[in-house]
file structure.cif (mmCIF, C-alpha atoms and all ligand atoms)
data_target
loop_
_atom_site.label_atom_id
_atom_site.label_comp_id
_atom_site.auth_asym_id
_atom_site.auth_seq_id
_atom_site.Cartn_x
_atom_site.Cartn_y
_atom_site.Cartn_z
CA MET H 223 0.00 0.00 0.00
CA ASP H 224 1.29 3.47 -0.72
CA SER H 225 0.43 6.76 0.84
CA ARG H 226 -0.86 8.53 -2.24
CA GLY H 227 -4.42 9.84 -2.21
CA ASN H 228 -7.26 7.97 -3.80
CA ILE H 229 -9.52 10.51 -5.43
CA LEU H 230 -10.37 9.07 -8.84
CA TYR H 231 -11.64 11.09 -11.79
CA LEU H 232 -13.07 9.28 -14.77
CA VAL H 233 -12.53 11.42 -17.85
CA VAL H 234 -15.05 10.76 -20.61
CA PRO H 235 -14.75 12.45 -24.02
CA CYS H 236 -18.18 12.89 -25.63
CA TYR H 237 -18.80 13.83 -29.23
CA ASN H 238 -22.42 13.60 -30.39
CA GLU H 239 -23.17 10.93 -27.83
CA GLU H 240 -26.74 11.97 -26.88
CA GLU H 241 -28.22 8.54 -27.58
CA GLY H 242 -26.24 6.62 -25.03
CA LEU H 243 -24.68 9.17 -22.71
CA GLU H 244 -27.33 9.25 -20.01
CA HIS H 245 -27.22 5.48 -19.60
CA ALA H 246 -23.42 5.34 -19.78
CA ALA H 247 -23.08 8.09 -17.18
CA ARG H 248 -25.34 6.20 -14.77
CA VAL H 249 -23.34 3.01 -15.26
CA MET H 250 -20.18 4.97 -14.49
CA ARG H 251 -21.76 6.52 -11.39
CA GLU H 252 -22.80 3.07 -10.18
CA LYS H 253 -19.23 1.87 -10.59
CA ILE H 254 -17.86 4.87 -8.70
CA ARG H 255 -20.35 4.28 -5.88
CA GLN H 256 -19.38 0.63 -5.67
CA LEU H 257 -15.68 1.46 -5.52
CA VAL H 258 -16.32 4.07 -2.81
CA LYS H 259 -18.35 1.58 -0.81
CA GLU H 260 -15.54 -0.95 -1.04
CA GLY H 261 -13.16 1.72 0.25
CA LYS H 262 -11.02 1.56 -2.90
CA ILE H 263 -11.47 5.22 -3.82
CA SER H 264 -12.36 8.45 -2.06
CA PRO H 265 -15.99 9.64 -1.90
CA LYS H 266 -14.69 12.81 -3.58
CA SER H 267 -14.22 10.85 -6.82
CA LYS H 268 -16.03 12.10 -9.90
CA VAL H 269 -17.00 11.50 -13.49
CA MET H 270 -15.69 14.31 -15.72
CA LEU H 271 -17.69 14.51 -18.94
CA VAL H 272 -16.02 16.48 -21.73
CA ASN H 273 -18.25 17.77 -24.49
CA ASP H 274 -16.01 17.95 -27.57
CA GLY H 275 -18.07 20.47 -29.56
CA SER H 276 -21.02 18.16 -30.13
CA ARG H 277 -23.74 19.29 -32.50
CA ASP H 278 -26.49 17.38 -30.74
CA GLY H 279 -27.90 17.55 -27.21
CA THR H 280 -24.80 16.14 -25.51
CA TRP H 281 -24.00 19.27 -23.49
CA LYS H 282 -27.62 19.58 -22.36
CA ILE H 283 -27.48 16.04 -21.05
CA ILE H 284 -24.15 16.72 -19.33
CA SER H 285 -25.45 19.88 -17.61
CA GLY H 286 -28.59 17.97 -16.57
CA LEU H 287 -26.49 15.22 -15.02
CA CYS H 288 -24.27 17.75 -13.22
CA LYS H 289 -27.35 19.46 -11.77
CA GLU H 290 -28.74 16.12 -10.62
CA ASP H 291 -25.62 14.86 -8.87
CA ALA H 292 -22.33 16.47 -7.88
CA VAL H 293 -20.54 13.24 -8.79
CA PHE H 294 -20.70 14.54 -12.37
CA SER H 295 -18.65 17.43 -13.69
CA GLY H 296 -18.70 18.85 -17.15
CA ILE H 297 -16.37 20.65 -19.53
CA CYS H 298 -17.70 22.20 -22.71
CA LEU H 299 -15.06 22.83 -25.37
CA SER H 300 -15.66 25.71 -27.75
CA ARG H 301 -15.66 23.44 -30.81
CA ASN H 302 -14.75 19.93 -31.91
CA TYR H 303 -11.05 19.55 -31.13
CA GLY H 304 -10.90 15.78 -31.58
CA HIS H 305 -10.63 12.87 -29.21
CA GLN H 306 -7.00 13.46 -28.11
CA SER H 307 -7.49 17.12 -27.18
CA ALA H 308 -10.80 16.34 -25.49
CA ILE H 309 -9.08 13.76 -23.29
CA LEU H 310 -6.21 16.16 -22.60
CA SER H 311 -8.53 18.95 -21.48
CA GLY H 312 -10.38 16.56 -19.16
CA MET H 313 -7.15 15.20 -17.70
CA LEU H 314 -5.54 18.58 -17.11
CA GLU H 315 -8.66 20.00 -15.49
CA SER H 316 -9.11 16.88 -13.37
CA ALA H 317 -5.50 17.03 -12.24
CA LYS H 318 -6.44 20.05 -10.12
CA HIS H 319 -8.54 17.82 -7.87
CA ALA H 320 -7.76 14.18 -8.55
CA ASP H 321 -5.01 11.83 -7.38
CA MET H 322 -5.54 9.57 -10.37
CA VAL H 323 -7.39 9.90 -13.64
CA VAL H 324 -8.77 7.17 -15.86
CA THR H 325 -9.79 8.06 -19.41
CA ILE H 326 -12.59 5.97 -20.87
CA ASP H 327 -14.84 6.26 -23.94
CA ALA H 328 -18.44 7.36 -23.62
CA ASP H 329 -19.85 4.35 -25.44
CA LEU H 330 -19.10 1.77 -22.71
CA GLN H 331 -17.14 -0.31 -25.20
CA GLN H 332 -14.27 -0.48 -22.77
CA ASP H 333 -15.14 -2.75 -19.86
CA ILE H 334 -15.67 -0.52 -16.85
CA GLU H 335 -15.28 -3.50 -14.51
CA ALA H 336 -11.56 -3.38 -15.28
CA LEU H 337 -11.36 -0.25 -13.09
CA ASP H 338 -10.74 -2.41 -10.00
CA LYS H 339 -7.60 -3.77 -11.63
CA PHE H 340 -6.44 -0.29 -12.67
CA ILE H 341 -6.78 0.91 -9.09
CA GLU H 342 -5.03 -2.16 -7.76
CA CYS H 343 -2.04 -1.43 -10.00
CA TYR H 344 -2.04 2.18 -8.79
CA ARG H 345 -2.11 0.94 -5.20
CA ASN H 346 0.88 -1.25 -6.01
CA GLY H 347 2.86 1.82 -6.95
CA CYS H 348 2.23 2.29 -10.68
CA GLU H 349 2.03 5.82 -12.02
CA VAL H 350 0.70 4.75 -15.42
CA VAL H 351 -1.61 1.82 -16.17
CA TYR H 352 -2.40 0.91 -19.77
CA GLY H 353 -5.65 -0.77 -20.73
CA VAL H 354 -5.03 -3.29 -23.48
CA ARG H 355 -7.85 -4.99 -25.34
CA ASN H 356 -7.95 -8.77 -25.40
CA ASN H 357 -9.22 -9.02 -28.95
CA ARG H 358 -10.70 -7.13 -31.86
CA ASP H 359 -13.75 -9.33 -32.34
CA THR H 360 -16.17 -6.43 -32.09
CA ASP H 361 -14.42 -4.46 -34.84
CA GLY H 362 -15.52 -4.69 -38.44
CA PHE H 363 -13.18 -6.10 -41.06
CA PHE H 364 -12.14 -2.64 -42.25
CA LYS H 365 -11.36 -1.30 -38.76
CA LYS H 366 -9.40 -4.44 -37.93
CA MET H 367 -7.35 -4.16 -41.11
CA THR H 368 -6.61 -0.45 -40.78
CA ALA H 369 -5.77 -0.73 -37.07
CA THR H 370 -3.42 -3.68 -37.57
CA GLY H 371 -1.82 -1.95 -40.56
CA PHE H 372 -1.34 1.19 -38.51
CA TYR H 373 0.42 -0.61 -35.65
CA LYS H 374 2.65 -2.47 -38.13
CA LEU H 375 3.56 0.79 -39.86
CA MET H 376 4.30 2.49 -36.55
CA GLY H 377 6.55 -0.42 -35.62
CA LEU H 378 8.41 -0.13 -38.93
CA LEU H 379 8.89 3.58 -38.36
CA GLY H 380 10.45 2.88 -35.01
CA CYS H 381 7.67 4.27 -32.81
CA ASN H 382 7.16 2.75 -29.43
CA VAL H 383 3.38 2.26 -29.34
CA MET H 384 1.68 -0.49 -27.44
CA GLN H 385 -0.33 -2.91 -29.57
CA ASN H 386 -4.08 -2.68 -29.00
CA HIS H 387 -3.87 -0.01 -26.37
CA ALA H 388 -6.45 2.67 -27.04
CA ASP H 389 -6.94 5.57 -24.68
CA TYR H 390 -8.29 3.56 -21.73
CA ARG H 391 -5.60 4.33 -19.18
CA LEU H 392 -4.85 5.49 -15.67
CA LEU H 393 -2.46 8.32 -14.90
CA SER H 394 -1.43 9.30 -11.40
CA LYS H 395 -1.01 12.89 -10.26
CA ALA H 396 2.74 12.67 -10.85
CA ALA H 397 2.24 11.40 -14.41
CA LEU H 398 -0.32 14.13 -15.08
CA GLN H 399 2.10 16.71 -13.76
CA ALA H 400 4.73 15.40 -16.18
CA LEU H 401 2.23 15.50 -19.01
CA THR H 402 1.66 19.23 -18.49
CA GLU H 403 5.33 19.75 -19.37
CA TYR H 404 4.70 18.49 -22.91
CA ARG H 405 3.56 21.51 -24.86
CA GLU H 406 3.04 19.94 -28.26
CA VAL H 407 0.00 20.85 -30.31
CA ASN H 408 0.35 17.74 -32.45
CA LEU H 409 -0.85 15.36 -29.81
CA PHE H 410 -0.68 11.57 -29.89
CA LEU H 411 -1.10 10.43 -26.31
CA ARG H 412 -0.66 6.73 -27.00
CA GLY H 413 2.83 7.38 -28.28
CA LEU H 414 3.73 10.18 -25.93
CA ILE H 415 2.84 8.67 -22.57
CA PRO H 416 5.16 5.63 -22.84
CA THR H 417 8.06 8.03 -23.51
CA MET H 418 7.52 9.67 -20.12
CA GLY H 419 8.76 6.59 -18.28
CA PHE H 420 7.35 5.96 -14.77
CA PRO H 421 6.54 2.57 -13.25
CA SER H 422 3.67 1.16 -15.28
CA ASP H 423 1.56 -1.93 -15.73
CA VAL H 424 -0.96 -3.35 -18.17
CA VAL H 425 -4.57 -4.33 -17.55
CA TYR H 426 -6.33 -6.55 -20.07
CA PHE H 427 -10.00 -5.99 -20.79
CA ASP H 428 -12.71 -7.16 -23.15
CA VAL H 429 -14.12 -4.80 -25.74
CA LYS H 430 -17.88 -4.78 -26.09
CA LYS H 431 -20.15 -3.61 -28.85
CA ARG H 432 -21.03 0.08 -28.88
CA GLU H 433 -24.18 0.44 -26.74
CA ALA H 434 -25.77 3.31 -28.67
CA GLY H 435 -25.10 5.56 -31.63
CA HIS H 436 -22.33 4.89 -34.10
CA SER H 437 -18.57 5.30 -34.17
CA LYS H 438 -17.44 8.93 -34.14
CA TYR H 439 -14.11 7.98 -35.62
CA THR H 440 -14.73 8.60 -39.29
CA LEU H 441 -12.17 7.43 -41.83
CA LYS H 442 -10.96 11.02 -42.06
CA LYS H 443 -10.42 11.24 -38.29
CA MET H 444 -8.67 7.87 -38.22
CA MET H 445 -6.31 8.95 -40.99
CA ALA H 446 -5.61 12.25 -39.26
CA LEU H 447 -4.80 10.37 -36.06
CA ALA H 448 -2.50 8.01 -37.93
CA VAL H 449 -0.62 10.89 -39.61
CA ASP H 450 -0.40 12.77 -36.29
CA GLY H 451 0.85 9.61 -34.65
CA ILE H 452 3.58 9.07 -37.19
CA THR H 453 4.72 12.66 -37.57
CA SER H 454 4.68 13.35 -33.84
CA MET H 455 6.66 10.24 -32.95
CA SER H 456 9.13 9.70 -35.78
CA THR H 457 11.14 11.49 -38.43
CA ARG H 458 12.01 8.25 -40.14
CA PRO H 459 9.83 8.98 -43.20
CA LEU H 460 12.10 11.96 -43.95
CA ARG H 461 15.17 9.72 -43.70
CA MET H 462 13.50 7.18 -45.97
CA ILE H 463 12.98 9.86 -48.60
CA THR H 464 16.65 10.79 -48.45
CA VAL H 465 17.67 7.15 -48.87
CA TRP H 466 15.20 6.70 -51.70
CA GLY H 467 16.50 9.86 -53.41
CA PHE H 468 20.06 8.64 -53.08
CA LEU H 469 19.28 5.22 -54.58
CA VAL H 470 17.38 6.75 -57.48
CA SER H 471 20.27 9.15 -58.15
CA MET H 472 22.71 6.24 -58.28
CA PHE H 473 20.45 4.35 -60.64
CA SER H 474 20.03 7.44 -62.85
CA PHE H 475 23.77 7.92 -62.97
CA VAL H 476 24.26 4.37 -64.27
CA MET H 477 21.42 4.82 -66.75
CA ILE H 478 22.93 8.07 -68.06
CA ILE H 479 26.26 6.33 -68.72
CA ILE H 480 24.50 3.45 -70.50
CA CYS H 481 22.49 5.90 -72.63
CA LEU H 482 25.59 7.91 -73.53
CA VAL H 483 27.46 4.77 -74.52
CA ASP H 484 24.47 3.67 -76.65
CA TRP H 485 24.33 7.09 -78.26
CA MET H 486 28.04 7.12 -79.03
CA THR H 487 27.97 3.63 -80.48
CA GLY H 488 24.97 4.61 -82.57
CA LYS H 489 22.59 1.99 -81.16
CA ASN H 490 18.95 2.65 -81.85
CA VAL H 491 16.92 2.67 -78.65
CA GLN H 492 13.20 2.00 -78.75
CA GLY H 493 11.97 2.11 -75.14
CA TYR H 494 8.88 4.35 -75.33
CA THR H 495 7.07 2.31 -72.65
CA THR H 496 10.10 2.24 -70.40
CA THR H 497 10.49 6.00 -70.60
CA LEU H 498 6.83 6.57 -69.84
CA VAL H 499 6.71 4.12 -66.93
CA VAL H 500 9.87 5.47 -65.36
CA SER H 501 8.84 9.11 -65.65
CA LEU H 502 5.36 8.43 -64.28
CA LEU H 503 6.75 6.45 -61.38
CA MET H 504 9.34 9.10 -60.60
CA GLY H 505 6.72 11.86 -60.86
CA GLY H 506 4.42 10.01 -58.46
CA LEU H 507 7.13 9.26 -55.94
CA THR H 508 8.49 12.80 -56.10
CA ILE H 509 5.09 14.34 -55.39
CA PHE H 510 4.47 11.83 -52.60
CA SER H 511 7.82 12.69 -51.03
CA LEU H 512 7.06 16.39 -51.24
CA GLY H 513 3.78 15.63 -49.52
CA VAL H 514 5.55 13.83 -46.68
CA VAL H 515 7.96 16.73 -46.23
CA GLY H 516 4.96 19.04 -46.39
CA GLU H 517 3.27 17.15 -43.55
CA TYR H 518 6.25 17.84 -41.31
CA VAL H 519 6.52 21.46 -42.41
CA GLY H 520 2.82 21.86 -41.63
CA LYS H 521 3.29 20.37 -38.18
CA ILE H 522 6.25 22.63 -37.49
CA TYR H 523 4.13 25.59 -38.57
CA MET H 524 1.38 24.65 -36.14
CA GLU H 525 3.84 24.00 -33.32
CA THR H 526 5.58 27.36 -33.74
CA LYS H 527 2.24 29.13 -33.56
CA ALA H 528 1.72 27.37 -30.23
CA ARG H 529 -2.00 27.98 -30.27
CA PRO H 530 -4.05 26.64 -27.38
CA ARG H 531 -4.80 22.96 -27.79
CA TYR H 532 -8.38 23.51 -26.70
CA ILE H 533 -10.56 26.30 -25.41
CA ILE H 534 -12.98 25.71 -22.59
CA GLU H 535 -16.24 27.53 -23.15
CA ALA H 536 -18.00 26.42 -19.98
CA MET H 537 -17.26 24.25 -16.99
CA ILE H 538 -19.41 22.77 -14.26
CA TRP H 539 -17.74 21.51 -11.12
CA LYS H 540 -19.33 21.33 -7.69
CA GLU H 541 -17.79 20.35 -4.39
CA LYS H 542 -19.07 16.94 -3.39
CA GLU H 543 -20.57 16.60 0.04
CA ASP H 544 -19.50 13.30 1.50
N1 LIG H 601 -14.72 11.45 -29.56
C1 LIG H 601 -14.44 12.76 -29.26
N2 LIG H 601 -14.16 13.65 -30.29
C2 LIG H 601 -14.14 13.25 -31.59
C3 LIG H 601 -14.39 11.87 -31.88
C4 LIG H 601 -14.66 11.02 -30.84
O1 LIG H 601 -14.46 13.17 -28.09
O2 LIG H 601 -13.90 14.09 -32.46
C5 LIG H 601 -15.02 10.51 -28.44
C6 LIG H 601 -16.31 9.72 -28.58
O3 LIG H 601 -17.42 10.43 -28.10
C7 LIG H 601 -16.01 8.47 -27.75
C8 LIG H 601 -14.51 8.30 -27.94
O4 LIG H 601 -14.02 9.55 -28.41
O5 LIG H 601 -16.28 8.68 -26.39
C9 LIG H 601 -14.17 7.19 -28.92
O6 LIG H 601 -14.87 7.36 -30.12
P1 LIG H 601 -15.64 6.18 -30.84
O7 LIG H 601 -16.26 5.28 -29.84
O8 LIG H 601 -16.57 6.78 -31.82
O9 LIG H 601 -14.43 5.48 -31.58
P2 LIG H 601 -14.24 3.92 -31.86
O10 LIG H 601 -14.54 3.20 -30.57
O11 LIG H 601 -15.19 3.58 -32.93
O12 LIG H 601 -12.81 3.82 -32.27
MG MG H 602 -16.06 3.36 -29.35
#

call {"tool": "encode", "arguments": {"input": "structure.cif", "output": "structure tokens"}}
result
Amino acid sequence: MDSRGNILYLVVPCYNEEEGLEHAARVMREKIRQLVKEGKISPKSKVMLVNDGSRDGTWKIISGLCKEDAVFSGICLSRNYGHQSAILSGMLESAKHADMVVTIDADLQQDIEALDKFIECYRNGCEVVYGVRNNRDTDGFFKKMTATGFYKLMGLLGCNVMQNHADYRLLSKAALQALTEYREVNLFLRGLIPTMGFPSDVVYFDVKKREAGHSKYTLKKMMALAVDGITSMSTRPLRMITVWGFLVSMFSFVMIIICLVDWMTGKNVQGYTTTLVVSLLMGGLTIFSLGVVGEYVGKIYMETKARPRYIIEAMIWKEKED
């Protein structure tokens, strides 16, 4: 047993979740109550619901819940900042009151019963506890393929990301404090948090089907997350372009000599198809490489501006009477 406090805040990012939020919030409250009763967490523990610029009635539901019970708190972001920033805002705000924070999705896909194990790890001295899914059975074929492909690619690019760890994770006060030191706008928490170090552990959990509504991770959002993940964690793509450029230059050099020799010896070269294929391929690869460089330049641009990562429009937080 350690002497750290045991106020737990559950941080829940919510984007257009009106269909299932009320139910999910009650399930979370039940879990908090149970943990309090068992003496595992402080009665001051809370559920922090973050409205990530939803267009539906999500914020209305959150304010209703907060009015009903002080166990709920709410943050309303000024627009849709995306999952990562929504989690970050919830964590940083919670850090003002909590001893540990667990981030969990609003759709109850991530098994809330695993919380006991998270807290146990914290009690055993961990500062970071990663939730790792047992399987991907609930994912469609497409999601499975893209997710597996993404992890493979990240591995190839030398990024240290944990397989099948989404953003279901516990951070202690110390870890949250360390996280505030990272000022990057281009945020990929799954990659960043392991680089902070700290004693950590893994908790395995089952993934369930989404209880209500549909996935808020559109293909566009998934791709943006993947690009953010890669560019924020690795510069290897830039190195690969350099290597590729070098190899092509070598090849071209040899080809030039061959062509010159052919020309001098008066050989008639046909090769229309070859010329076309090579120039198309080179054109494609060159534009792609420029695009990759552009991605990094864009990220640098955003980082140098150092704009706020989120803006809080409204916040509801009430002291809990024990
Ligand atoms: N989410 C968010 N902002 C976004 C997209 C998603 O806060 O722009 C939240 C969403 O409400 C949910 C969590 O992130 O609580 C995970 O999203 P979702 O369940 O749709 O993703 P999936 O489980 O399909 O990967
Ligand atoms: Mg989900």

call {"tool": "atom_distance", "arguments": {"input": "structure.cif", "atom1": "atom C2 of ligand LIG 601 (chain H)", "atom2": "atom CA of Tyr237 of chain H"}}
result
5.3 Å

call {"tool": "atom_distance", "arguments": {"input": "structure.cif", "atom1": "atom CA of Tyr532 of chain H", "atom2": "atom CA of Pro235 of chain H"}}
result
13.0 Å

call {"tool": "residues_near_ligand", "arguments": {"input": "structure.cif", "ligand": "ligand LIG 601 (chain H)", "cutoff": "8 Å", "atoms": "all atoms listed in the file", "output": "number ranges by chain"}}
result
H: 234-239, 272-275, 302-306, 308-309, 326-329, 331, 432, 436-440, 443

call {"tool": "residues_near_point", "arguments": {"input": "structure.cif", "point": "(-16.6, 19.9, -12.4)", "cutoff": "7 Å", "atoms": "all atoms listed in the file", "output": "count of residues only"}}
result
8

call {"tool": "residues_around", "arguments": {"input": "structure.cif", "residues": "Ser225 of chain H", "least_positions_apart": "4", "cutoff": "12 Å", "atoms": "all atoms listed in the file", "output": "short mmCIF file (atom, residue, chain, number, x, y, z; two decimals) with C-alpha atoms, in the coordinates of the input"}}
result
data_model
loop_
_atom_site.label_atom_id
_atom_site.label_comp_id
_atom_site.auth_asym_id
_atom_site.auth_seq_id
_atom_site.Cartn_x
_atom_site.Cartn_y
_atom_site.Cartn_z
CA ASP H 321 -5.01 11.83 -7.38
CA TYR H 344 -2.04 2.18 -8.79
CA ARG H 345 -2.11 0.94 -5.20
CA ASN H 346 0.88 -1.25 -6.01
CA GLY H 347 2.86 1.82 -6.95
#

call {"tool": "closest_residue", "arguments": {"input": "structure.cif", "among": "H:Gly435, H:Ile254, H:Lys318, H:Phe372", "to": "ligand MG 602 (chain H)", "atoms": "all atoms listed in the file"}}
result
H:Gly435

call {"tool": "atom_distance", "arguments": {"input": "structure.cif", "atom1": "atom CA of Gly488 of chain H", "atom2": "atom CA of Ser471 of chain H"}}
result
25.3 Å

call {"tool": "closest_residue", "arguments": {"input": "structure.cif", "among": "H:Gly279, H:Gly380, H:Gly312, H:Gly413", "to": "Val233 of chain H", "atoms": "all atoms listed in the file"}}
result
H:Gly312

call {"tool": "residues_around", "arguments": {"input": "structure.cif", "residues": "Lys521 of chain H", "least_positions_apart": "5", "cutoff": "9 Å", "atoms": "all atoms listed in the file", "output": "PyMOL selection string"}}
result
chain H and resi 407-408+450+453-454+516+526

call {"tool": "closest_residue", "arguments": {"input": "structure.cif", "among": "H:Ile509, H:Ala336, H:Met444, H:Leu243", "to": "Ile284 of chain H", "atoms": "all atoms listed in the file"}}
result
H:Leu243

call {"tool": "build_atoms", "arguments": {"input": "structure.cif", "residues": "segment 362-377 of chain H", "atoms": "N, CA and C atoms", "output": "short mmCIF file (atom, residue, chain, number, x, y, z; two decimals), in the coordinates of the input"}}
result
data_model
loop_
_atom_site.label_atom_id
_atom_site.label_comp_id
_atom_site.auth_asym_id
_atom_site.auth_seq_id
_atom_site.Cartn_x
_atom_site.Cartn_y
_atom_site.Cartn_z
N GLY H 362 -15.22 -4.22 -37.09
CA GLY H 362 -15.52 -4.69 -38.44
C GLY H 362 -14.21 -5.05 -39.14
N PHE H 363 -14.35 -5.66 -40.30
CA PHE H 363 -13.18 -6.10 -41.06
C PHE H 363 -12.27 -4.91 -41.39
N PHE H 364 -12.90 -3.81 -41.81
CA PHE H 364 -12.14 -2.64 -42.25
C PHE H 364 -11.33 -2.05 -41.10
N LYS H 365 -12.01 -1.89 -39.93
CA LYS H 365 -11.36 -1.30 -38.76
C LYS H 365 -10.17 -2.18 -38.31
N LYS H 366 -10.44 -3.50 -38.35
CA LYS H 366 -9.40 -4.44 -37.93
C LYS H 366 -8.16 -4.29 -38.82
N MET H 367 -8.43 -4.25 -40.14
CA MET H 367 -7.35 -4.16 -41.11
C MET H 367 -6.56 -2.87 -40.93
N THR H 368 -7.30 -1.74 -40.85
CA THR H 368 -6.61 -0.45 -40.78
C THR H 368 -5.84 -0.33 -39.46
N ALA H 369 -6.44 -0.83 -38.37
CA ALA H 369 -5.77 -0.73 -37.07
C ALA H 369 -4.49 -1.57 -37.07
N THR H 370 -4.60 -2.82 -37.55
CA THR H 370 -3.42 -3.68 -37.57
C THR H 370 -2.34 -3.08 -38.46
N GLY H 371 -2.76 -2.58 -39.63
CA GLY H 371 -1.82 -1.95 -40.56
C GLY H 371 -1.12 -0.78 -39.91
N PHE H 372 -1.89 0.01 -39.16
CA PHE H 372 -1.34 1.19 -38.51
C PHE H 372 -0.26 0.81 -37.49
N TYR H 373 -0.56 -0.19 -36.66
CA TYR H 373 0.42 -0.61 -35.65
C TYR H 373 1.69 -1.17 -36.30
N LYS H 374 1.49 -1.92 -37.41
CA LYS H 374 2.65 -2.47 -38.13
C LYS H 374 3.52 -1.33 -38.64
N LEU H 375 2.84 -0.35 -39.27
CA LEU H 375 3.56 0.79 -39.86
C LEU H 375 4.31 1.55 -38.77
N MET H 376 3.64 1.77 -37.65
CA MET H 376 4.30 2.49 -36.55
C MET H 376 5.54 1.73 -36.09
N GLY H 377 5.41 0.42 -36.02
CA GLY H 377 6.55 -0.42 -35.62
C GLY H 377 7.70 -0.24 -36.60
#
